[in-house]
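Below is one structure, written out as structure tokens; comments come after it.
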Amino acid sequence: MTDDTPRRRLNRRETDPERDDQPRVCRRGRTPAAVAGGPPRVPWLYRLVRDRSGQSTTIGVALMLAIAAIGVTAVVALGGTALTDSQTSVDIQRTEHAMTLLDSRGAMAALGESESQSVELSGSGDGVYRVDSDAGWIRVVHKNFTDPTPSEETIFNRSLGEVQYTRGDTVVAYQGGGVWRTEDNGTVMISPPEFHYRDQTLTMPLVRVAGSGSASGRVTAEVVPLATGTDVQRIFPNETANTADGPGAPYDDAGDTSYDNPVTNGTVVVTVHSDHYKGWATYFAERTDGFLSVDHANRTASIELRTLAGAPGAFDMPLVGESLETPSVARQHNVSQFDLQLAPDTSNANAFNQLHWSMYYQGTDGQQFEIHFAGQGRCDSATADGFTKGNTELSVSVYYRHNSSSPSEEWERVLSDPHVQTRPIHVDCSSGAPRLDADLTSSFAMEYTDIDIQGSDNKWHFGNQIKDQEVPDELLFDQHAEDHADEYDAGSDSEELDFLVNHYFSRLGPDFQLTVDAGPGGSQNRVSEEASSGVLMYDTIDGEEFIQFLHITENEVRVELNG
């Protein structure tokens with residue numbers, strides 16, 4: 001080899017013969033044969049991406065179509081549900097309007113304003129109208145109408161019936177002269193029933209639905225009254241004896257058998273059994289302040305109203321130990337007249353010598369009240385002002401104690417000349433025997449002081465308590481708006497008898513009794529209660545839990561569905 005021969009670089013195998021028998025190893029473990037047989041192979045990661053790149057367009061399209069399909073399905077499903085709910089809501093609203101119109105037209109027919117009425121009832125094929133004459137009932141009971149023996153008179157007890165529209169779980173019903181929507185375990189009143197309470201007067205022209213059948217779609221309801229005008233059945237008041245026993249006049253086991261106003265004694269209870277009882281309960285609670293009770297198990301709502309008897313007015317004096325009922329006394333100084341006329345037990349001129357006579361009240365909580373007359377003297381002549389013989393004297397006293405732990409409140413006035421006829425309280429001898437005339441709602445002044453009990457304390461009904469207690473040095477009246485809110489000092493301050501009677505009656509009210517007492521001993525025979533009398537007038541308590549007048553009529557209609 002000469003110098004001008006091209007040189008080439010020898011690899012290690014050529015320079016190292018001992019390595020000829022060893023295989024050549026390429027990078028990443030490839031053999032020489034793989035290298036020698038064609039172009040070099042690309043890396044495996046590139047090959048992986050390259051092999052799938054041809055499918056990417058197809059996969060993307062498929063994914064987009066799938067997402068679109070899911071979206072469309074969701075929109076259709078949700079939109080369909082919303083549309084169905086909207087259609088149901090509109091259908092129910094239209095039904096409520098139609099039922100309200102049925103209520104109005106039904107009242108016209110039931111109450112005798114027209115012979116018949118026709119009403120188109122809206123609805124869809126998904127809902128059904130139905131007439132059910134046995135749906136629900138109403139009962140009116142006068143409890144404890146006799147006193148003191150407990151008693152109960154069922155005045156009315158009949159089914160109500162209803163026209164109802166049902167779609168799914170929602171029911172719209174015309175019942176009792178009202179419209180109700182019941183769903184989701186609750187009831188909403190759409191229009192009020194024929195139950196009217198105002199100024200202590202309850203008026204119920206009870207509308208009862210008769211008929212049967214069902215219809216759907218476009219339905220027409222024909223409403224026909226079963227009684228009109230004078231044929232409408234009057235339940236209360238009702239002087240006609242319809243039954244000898246059971247619901248309806250007359251009262252069972254009572255001396256006065258007719259159903260008369262005003263309603264006296266006890267309470268009047270109205271009970272409704274209905275699928276819509278919760279709506280009735282809400283209506284009762286909103287319209288009255290009576291005692292409401294709800295029985296969920298039996299689906300009933302009851303409202304109890306107290307009877308509100310008036311003031312006694314002119315009355316015959318009760319005998320000793322008997323009482324004058326004074327119910328429903330207003331609590332704000334509303335006694336307008338309280339007069340007593342006590343006749344002598346004999347025609348003797350000295351009939352009032354050693355007189356002790358009173359009217360008192362004993363409450364269950366220790367409340368006590370007594371107005372007491374004590375006198376001595378005789379008639380000297382048969383003239384009005386003839387009560388002048390002997391040591392004449394007339395004492396008037398008032399005692400009150402609010403409860404057993406309260407101090408006593410005592411007032412007294414002693415007249416040394418009770419024959420003076422111009423005084424509100426005086427003795428009249430014009431018949432030859434004394435007669436006591438007392439105006440207890442007059443300006444007759446009474447002194448705030450300890451009552452002077454002379455002799456035995458048993459001549460006063462609460463004599464023992466009066467004798468054992470001393471009045472507080474100062475007394476404050478601030479329980480009522482009419483009170484002066486001034487303090488009375490014992491032994492020096494006075495108040496008019498009219499104010500005292502009003503104040504204490506307001507504290508005793510609304511319901512209490514004044515019981516007659518006299519004596520004991522000879523003092524018990526000084527007044528003839530049979531010949532004595534009085535007048536008591538006051539305003540009755542104002543409240544929406546009371547009832548004085550009750551008016552009930554039964555008005556039945558037949559409803560026929562055509563569709």
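Convention: chains lettered A, B, ... in structure tokens order; per-chain residue numbering from 1; ligands numbered from 1 as shown.
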Open item on the list: At a cut-off of 9 Å, using only C-alpha atoms, what residues contact Val294 (chain A)? Leave out same-chain residues fewer than 2 positions from it and give the result as a count of residues only.
Closed with: 11
Within 9 Å of region 486-500 of chain A: each region 315-349 of chain A residue with its shortest pair, only C-alpha atoms, as a Markdown table:
| residue | atom | partner | partner_atom | distance |
| --- | --- | --- | --- | --- |
| A:His333 | CA | A:Phe499 | CA | 7.8 |
| A:Val335 | CA | A:Asp498 | CA | 8.4 |
| A:Ser336 | CA | A:Asp498 | CA | 8.8 |
| A:Gln337 | CA | A:Asp498 | CA | 8.9 |
| A:Phe338 | CA | A:Asp498 | CA | 8.9 |
Quick one: write out the picked residues with N, CA and C atoms as a PDB file, in the first residue's frame?
ATOM      1  N   HIS A 333    -116.257  47.843  83.690  1.00  0.00           N
ATOM      2  CA  HIS A 333    -117.179  48.767  84.370  1.00  0.00           C
ATOM      3  C   HIS A 333    -118.426  49.041  83.524  1.00  0.00           C
ATOM      4  N   VAL A 335    -121.702  47.912  84.444  1.00  0.00           N
ATOM      5  CA  VAL A 335    -122.962  47.759  85.181  1.00  0.00           C
ATOM      6  C   VAL A 335    -123.692  49.095  85.168  1.00  0.00           C
ATOM      7  N   SER A 336    -124.856  49.108  84.556  1.00  0.00           N
ATOM      8  CA  SER A 336    -125.600  50.368  84.423  1.00  0.00           C
ATOM      9  C   SER A 336    -126.682  50.522  85.488  1.00  0.00           C
ATOM     10  N   GLN A 337    -127.180  49.409  86.044  1.00  0.00           N
ATOM     11  CA  GLN A 337    -128.241  49.504  87.050  1.00  0.00           C
ATOM     12  C   GLN A 337    -128.208  48.280  87.959  1.00  0.00           C
ATOM     13  N   PHE A 338    -128.231  48.539  89.256  1.00  0.00           N
ATOM     14  CA  PHE A 338    -128.332  47.458  90.237  1.00  0.00           C
ATOM     15  C   PHE A 338    -129.149  48.003  91.407  1.00  0.00           C
TER      16      PHE A 338
END
Task: From A:Val263, A:Ile138, A:Ala210, A:Ala68, residue lying nearest His551 (chain A) [only C-alpha atoms] - done: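 Ranking A:Val263, A:Ile138, A:Ala210, A:Ala68 by distance to His551 (chain A), first place goes to A:Val263.
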Open item on the list: At a cut-off of 9 Å, using only C-alpha atoms, what residues contact Arg208 (chain A)? Leave out same-chain residues fewer than 3 positions from it and give the result as an MDAnalysis selection string.
Closed with: chainID A and resid 110 133 158:162 175:177 554:558
Export N, CA, C and O atoms of the chosen residues as a tab-separated table (two decimals), in the first residue's frame?
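Okay, selection_34.tsv is ready:
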chain	number	residue	atom	x	y	z
A	110	ALA	N	-129.85	26.58	46.15
A	110	ALA	CA	-130.12	26.02	47.47
A	110	ALA	C	-130.89	26.99	48.36
A	110	ALA	O	-131.75	26.58	49.14
A	133	SER	N	-123.02	11.75	47.57
A	133	SER	CA	-123.95	12.31	48.56
A	133	SER	C	-123.61	11.90	49.98
A	133	SER	O	-124.14	12.48	50.94
A	158	ARG	N	-126.37	15.46	59.86
A	158	ARG	CA	-126.66	14.94	58.54
A	158	ARG	C	-125.39	14.92	57.69
A	158	ARG	O	-124.40	15.60	57.97
A	159	SER	N	-125.45	14.14	56.61
A	159	SER	CA	-124.34	14.11	55.67
A	159	SER	C	-124.27	15.42	54.90
A	159	SER	O	-125.29	16.10	54.71
A	160	LEU	N	-123.07	15.77	54.41
A	160	LEU	CA	-122.89	16.98	53.63
A	160	LEU	C	-122.96	16.71	52.13
A	160	LEU	O	-123.58	17.45	51.38
A	161	GLY	N	-122.31	15.61	51.69
A	161	GLY	CA	-122.20	15.35	50.26
A	161	GLY	C	-121.22	16.30	49.61
A	161	GLY	O	-120.85	17.34	50.18
A	162	GLU	N	-120.79	15.98	48.39
A	162	GLU	CA	-119.86	16.86	47.69
A	162	GLU	C	-119.82	16.55	46.20
A	162	GLU	O	-120.18	15.45	45.77
A	175	GLN	N	-118.17	21.43	48.82
A	175	GLN	CA	-118.78	20.78	49.98
A	175	GLN	C	-119.18	21.82	51.01
A	175	GLN	O	-118.41	22.73	51.32
A	176	GLY	N	-120.38	21.68	51.56
A	176	GLY	CA	-120.84	22.57	52.62
A	176	GLY	C	-120.99	24.01	52.18
A	176	GLY	O	-120.93	24.92	53.01
A	177	GLY	N	-121.17	24.22	50.87
A	177	GLY	CA	-121.28	25.58	50.37
A	177	GLY	C	-119.94	26.26	50.19
A	177	GLY	O	-119.88	27.47	49.96
A	554	GLU	N	-131.72	23.78	56.62
A	554	GLU	CA	-131.20	22.70	55.77
A	554	GLU	C	-131.62	22.97	54.33
A	554	GLU	O	-132.81	23.10	54.03
A	555	ASN	N	-130.63	23.09	53.43
A	555	ASN	CA	-130.88	23.43	52.04
A	555	ASN	C	-130.22	22.36	51.17
A	555	ASN	O	-128.99	22.33	51.02
A	556	GLU	N	-131.03	21.49	50.58
A	556	GLU	CA	-130.49	20.35	49.84
A	556	GLU	C	-130.67	20.56	48.33
A	556	GLU	O	-131.72	21.02	47.87
A	557	VAL	N	-129.62	20.23	47.57
A	557	VAL	CA	-129.66	20.33	46.11
A	557	VAL	C	-129.24	18.99	45.51
A	557	VAL	O	-128.44	18.25	46.10
A	558	ARG	N	-129.77	18.71	44.35
A	558	ARG	CA	-129.35	17.52	43.61
A	558	ARG	C	-128.48	17.98	42.44
A	558	ARG	O	-128.85	18.91	41.71
TODO: Would you list the contacts of region 409-418 of chain A as an NGL selection string, taking every protein, DNA or RNA residue within 9 Å and counting only C-alpha atoms, but skipping same-chain residues closer than 2 positions in sequence?
DONE: :A and (385 or 387-388 or 391-402 or 407 or 420-421 or 423 or 425-428 or 444-452 or 466 or 470-472 or 475 or 494-495)
Task: Residues within 10 Å of Thr201 (chain A), only C-alpha atoms, excluding chain neighbours under 6 positions, as a list in words - done: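 Near Thr201 (chain A), the qualifying residues are Pro262, Val263, Glu544, Phe546, Ile547, Gln548, Phe549, Leu550 and His551 of chain A.
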Next, write the just-selected residues to a file, as a PDB file, in the first residue's frame, keeping all heavy atoms as the atom set.
ATOM      1  N   PRO A 262    -132.653  33.853  72.569  1.00  0.00           N
ATOM      2  CA  PRO A 262    -131.230  33.552  72.530  1.00  0.00           C
ATOM      3  C   PRO A 262    -130.908  32.177  73.115  1.00  0.00           C
ATOM      4  O   PRO A 262    -131.652  31.658  73.951  1.00  0.00           O
ATOM      5  CB  PRO A 262    -130.616  34.658  73.390  1.00  0.00           C
ATOM      6  CG  PRO A 262    -131.708  35.018  74.350  1.00  0.00           C
ATOM      7  CD  PRO A 262    -132.984  34.886  73.587  1.00  0.00           C
ATOM      8  N   VAL A 263    -129.803  31.616  72.662  1.00  0.00           N
ATOM      9  CA  VAL A 263    -129.348  30.332  73.173  1.00  0.00           C
ATOM     10  C   VAL A 263    -128.744  30.557  74.551  1.00  0.00           C
ATOM     11  O   VAL A 263    -127.880  31.427  74.724  1.00  0.00           O
ATOM     12  CB  VAL A 263    -128.303  29.709  72.231  1.00  0.00           C
ATOM     13  CG1 VAL A 263    -127.897  28.333  72.726  1.00  0.00           C
ATOM     14  CG2 VAL A 263    -128.843  29.628  70.820  1.00  0.00           C
ATOM     15  N   GLU A 544    -115.354  36.718  70.457  1.00  0.00           N
ATOM     16  CA  GLU A 544    -115.747  35.843  69.364  1.00  0.00           C
ATOM     17  C   GLU A 544    -115.738  34.369  69.763  1.00  0.00           C
ATOM     18  O   GLU A 544    -115.655  33.491  68.911  1.00  0.00           O
ATOM     19  CB  GLU A 544    -114.840  36.082  68.155  1.00  0.00           C
ATOM     20  CG  GLU A 544    -115.014  37.475  67.565  1.00  0.00           C
ATOM     21  CD  GLU A 544    -114.193  37.678  66.309  1.00  0.00           C
ATOM     22  OE1 GLU A 544    -113.325  36.829  66.027  1.00  0.00           O
ATOM     23  OE2 GLU A 544    -114.412  38.676  65.607  1.00  0.00           O
ATOM     24  N   PHE A 546    -118.203  33.533  71.963  1.00  0.00           N
ATOM     25  CA  PHE A 546    -119.541  33.449  72.532  1.00  0.00           C
ATOM     26  C   PHE A 546    -120.599  33.385  71.433  1.00  0.00           C
ATOM     27  O   PHE A 546    -120.387  33.824  70.310  1.00  0.00           O
ATOM     28  CB  PHE A 546    -119.817  34.654  73.432  1.00  0.00           C
ATOM     29  CG  PHE A 546    -118.927  34.721  74.646  1.00  0.00           C
ATOM     30  CD1 PHE A 546    -117.846  35.572  74.681  1.00  0.00           C
ATOM     31  CD2 PHE A 546    -119.177  33.910  75.735  1.00  0.00           C
ATOM     32  CE1 PHE A 546    -117.025  35.637  75.788  1.00  0.00           C
ATOM     33  CE2 PHE A 546    -118.360  33.955  76.857  1.00  0.00           C
ATOM     34  CZ  PHE A 546    -117.288  34.821  76.875  1.00  0.00           C
ATOM     35  N   ILE A 547    -121.741  32.842  71.817  1.00  0.00           N
ATOM     36  CA  ILE A 547    -122.867  32.768  70.895  1.00  0.00           C
ATOM     37  C   ILE A 547    -124.143  33.089  71.656  1.00  0.00           C
ATOM     38  O   ILE A 547    -124.362  32.589  72.761  1.00  0.00           O
ATOM     39  CB  ILE A 547    -122.964  31.382  70.223  1.00  0.00           C
ATOM     40  CG1 ILE A 547    -124.133  31.336  69.240  1.00  0.00           C
ATOM     41  CG2 ILE A 547    -123.070  30.258  71.243  1.00  0.00           C
ATOM     42  CD1 ILE A 547    -124.177  30.069  68.408  1.00  0.00           C
ATOM     43  N   GLN A 548    -124.955  33.961  71.061  1.00  0.00           N
ATOM     44  CA  GLN A 548    -126.264  34.280  71.624  1.00  0.00           C
ATOM     45  C   GLN A 548    -127.395  33.798  70.724  1.00  0.00           C
ATOM     46  O   GLN A 548    -128.426  33.361  71.199  1.00  0.00           O
ATOM     47  CB  GLN A 548    -126.390  35.793  71.835  1.00  0.00           C
ATOM     48  CG  GLN A 548    -125.851  36.307  73.153  1.00  0.00           C
ATOM     49  CD  GLN A 548    -126.261  37.746  73.397  1.00  0.00           C
ATOM     50  OE1 GLN A 548    -125.848  38.657  72.686  1.00  0.00           O
ATOM     51  NE2 GLN A 548    -127.065  37.956  74.410  1.00  0.00           N
ATOM     52  N   PHE A 549    -127.166  33.912  69.419  1.00  0.00           N
ATOM     53  CA  PHE A 549    -128.226  33.602  68.459  1.00  0.00           C
ATOM     54  C   PHE A 549    -127.734  32.565  67.454  1.00  0.00           C
ATOM     55  O   PHE A 549    -126.636  32.681  66.907  1.00  0.00           O
ATOM     56  CB  PHE A 549    -128.688  34.867  67.742  1.00  0.00           C
ATOM     57  CG  PHE A 549    -129.204  35.925  68.669  1.00  0.00           C
ATOM     58  CD1 PHE A 549    -128.383  36.957  69.094  1.00  0.00           C
ATOM     59  CD2 PHE A 549    -130.508  35.873  69.140  1.00  0.00           C
ATOM     60  CE1 PHE A 549    -128.843  37.934  69.966  1.00  0.00           C
ATOM     61  CE2 PHE A 549    -130.981  36.838  70.016  1.00  0.00           C
ATOM     62  CZ  PHE A 549    -130.147  37.862  70.427  1.00  0.00           C
ATOM     63  N   LEU A 550    -128.577  31.588  67.219  1.00  0.00           N
ATOM     64  CA  LEU A 550    -128.250  30.497  66.315  1.00  0.00           C
ATOM     65  C   LEU A 550    -129.335  30.376  65.258  1.00  0.00           C
ATOM     66  O   LEU A 550    -130.537  30.326  65.589  1.00  0.00           O
ATOM     67  CB  LEU A 550    -128.137  29.181  67.106  1.00  0.00           C
ATOM     68  CG  LEU A 550    -127.814  27.918  66.321  1.00  0.00           C
ATOM     69  CD1 LEU A 550    -126.451  28.020  65.657  1.00  0.00           C
ATOM     70  CD2 LEU A 550    -127.857  26.702  67.250  1.00  0.00           C
ATOM     71  N   HIS A 551    -128.927  30.351  63.986  1.00  0.00           N
ATOM     72  CA  HIS A 551    -129.863  30.215  62.871  1.00  0.00           C
ATOM     73  C   HIS A 551    -129.353  29.109  61.943  1.00  0.00           C
ATOM     74  O   HIS A 551    -128.281  29.241  61.346  1.00  0.00           O
ATOM     75  CB  HIS A 551    -130.000  31.526  62.103  1.00  0.00           C
ATOM     76  CG  HIS A 551    -130.512  32.669  62.930  1.00  0.00           C
ATOM     77  ND1 HIS A 551    -131.859  32.876  63.154  1.00  0.00           N
ATOM     78  CD2 HIS A 551    -129.862  33.644  63.610  1.00  0.00           C
ATOM     79  CE1 HIS A 551    -132.015  33.944  63.921  1.00  0.00           C
ATOM     80  NE2 HIS A 551    -130.822  34.422  64.218  1.00  0.00           N
TER      81      HIS A 551
END
- [ ] Within 8 Å of Pro424 (chain A), counting only C-alpha atoms, which residues show up once you throw out same-chain ones fewer than 5 positions away? Write them as a PyMOL selection string, please.
- [x] chain A and resi 437-440+442-444
- [ ] Check the DSSP output for the backbone and give back, as a PyMOL selection string, the residues of region 208-287 of chain A in helix (DSSP H, G or I).
- [x] chain A and resi 229-231+277-287
- [ ] Identify, on the basis of only C-alpha atoms, every residue whose closest approach to Lys143 (chain A) does not exceed 7 Å; exclude the query and any residue fewer than 6 positions from it along the same chain; express the result as a ChimeraX atom specification.
- [x] /A:151-153,266-268
TODO: Record the distance separating CA of Ser104 (chain A) and CA of Asp126 (chain A), expressed in Å with one decimal.
DONE: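 Separating CA of Ser104 (chain A) from CA of Asp126 (chain A) is a distance of 25.6 Å.
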- [ ] Could you please write out, as a ChimeraX atom specification, every residue of region 110-342 of chain A that DSSP assigns to strand (DSSP E or B)?
- [x] /A:117-121,128-132,137-143,152-159,162-167,170-175,178-183,186-191,196-198,201-210,214-215,219-225,233-236,238,259,267-273,291-295,300-307,313-316,323-326,329,335-342
Open item on the list: What's the separation between CA of Ala531 (chain A) and CA of Tyr504 (chain A), in Å to one decimal place?
Closed with: 27.4 Å
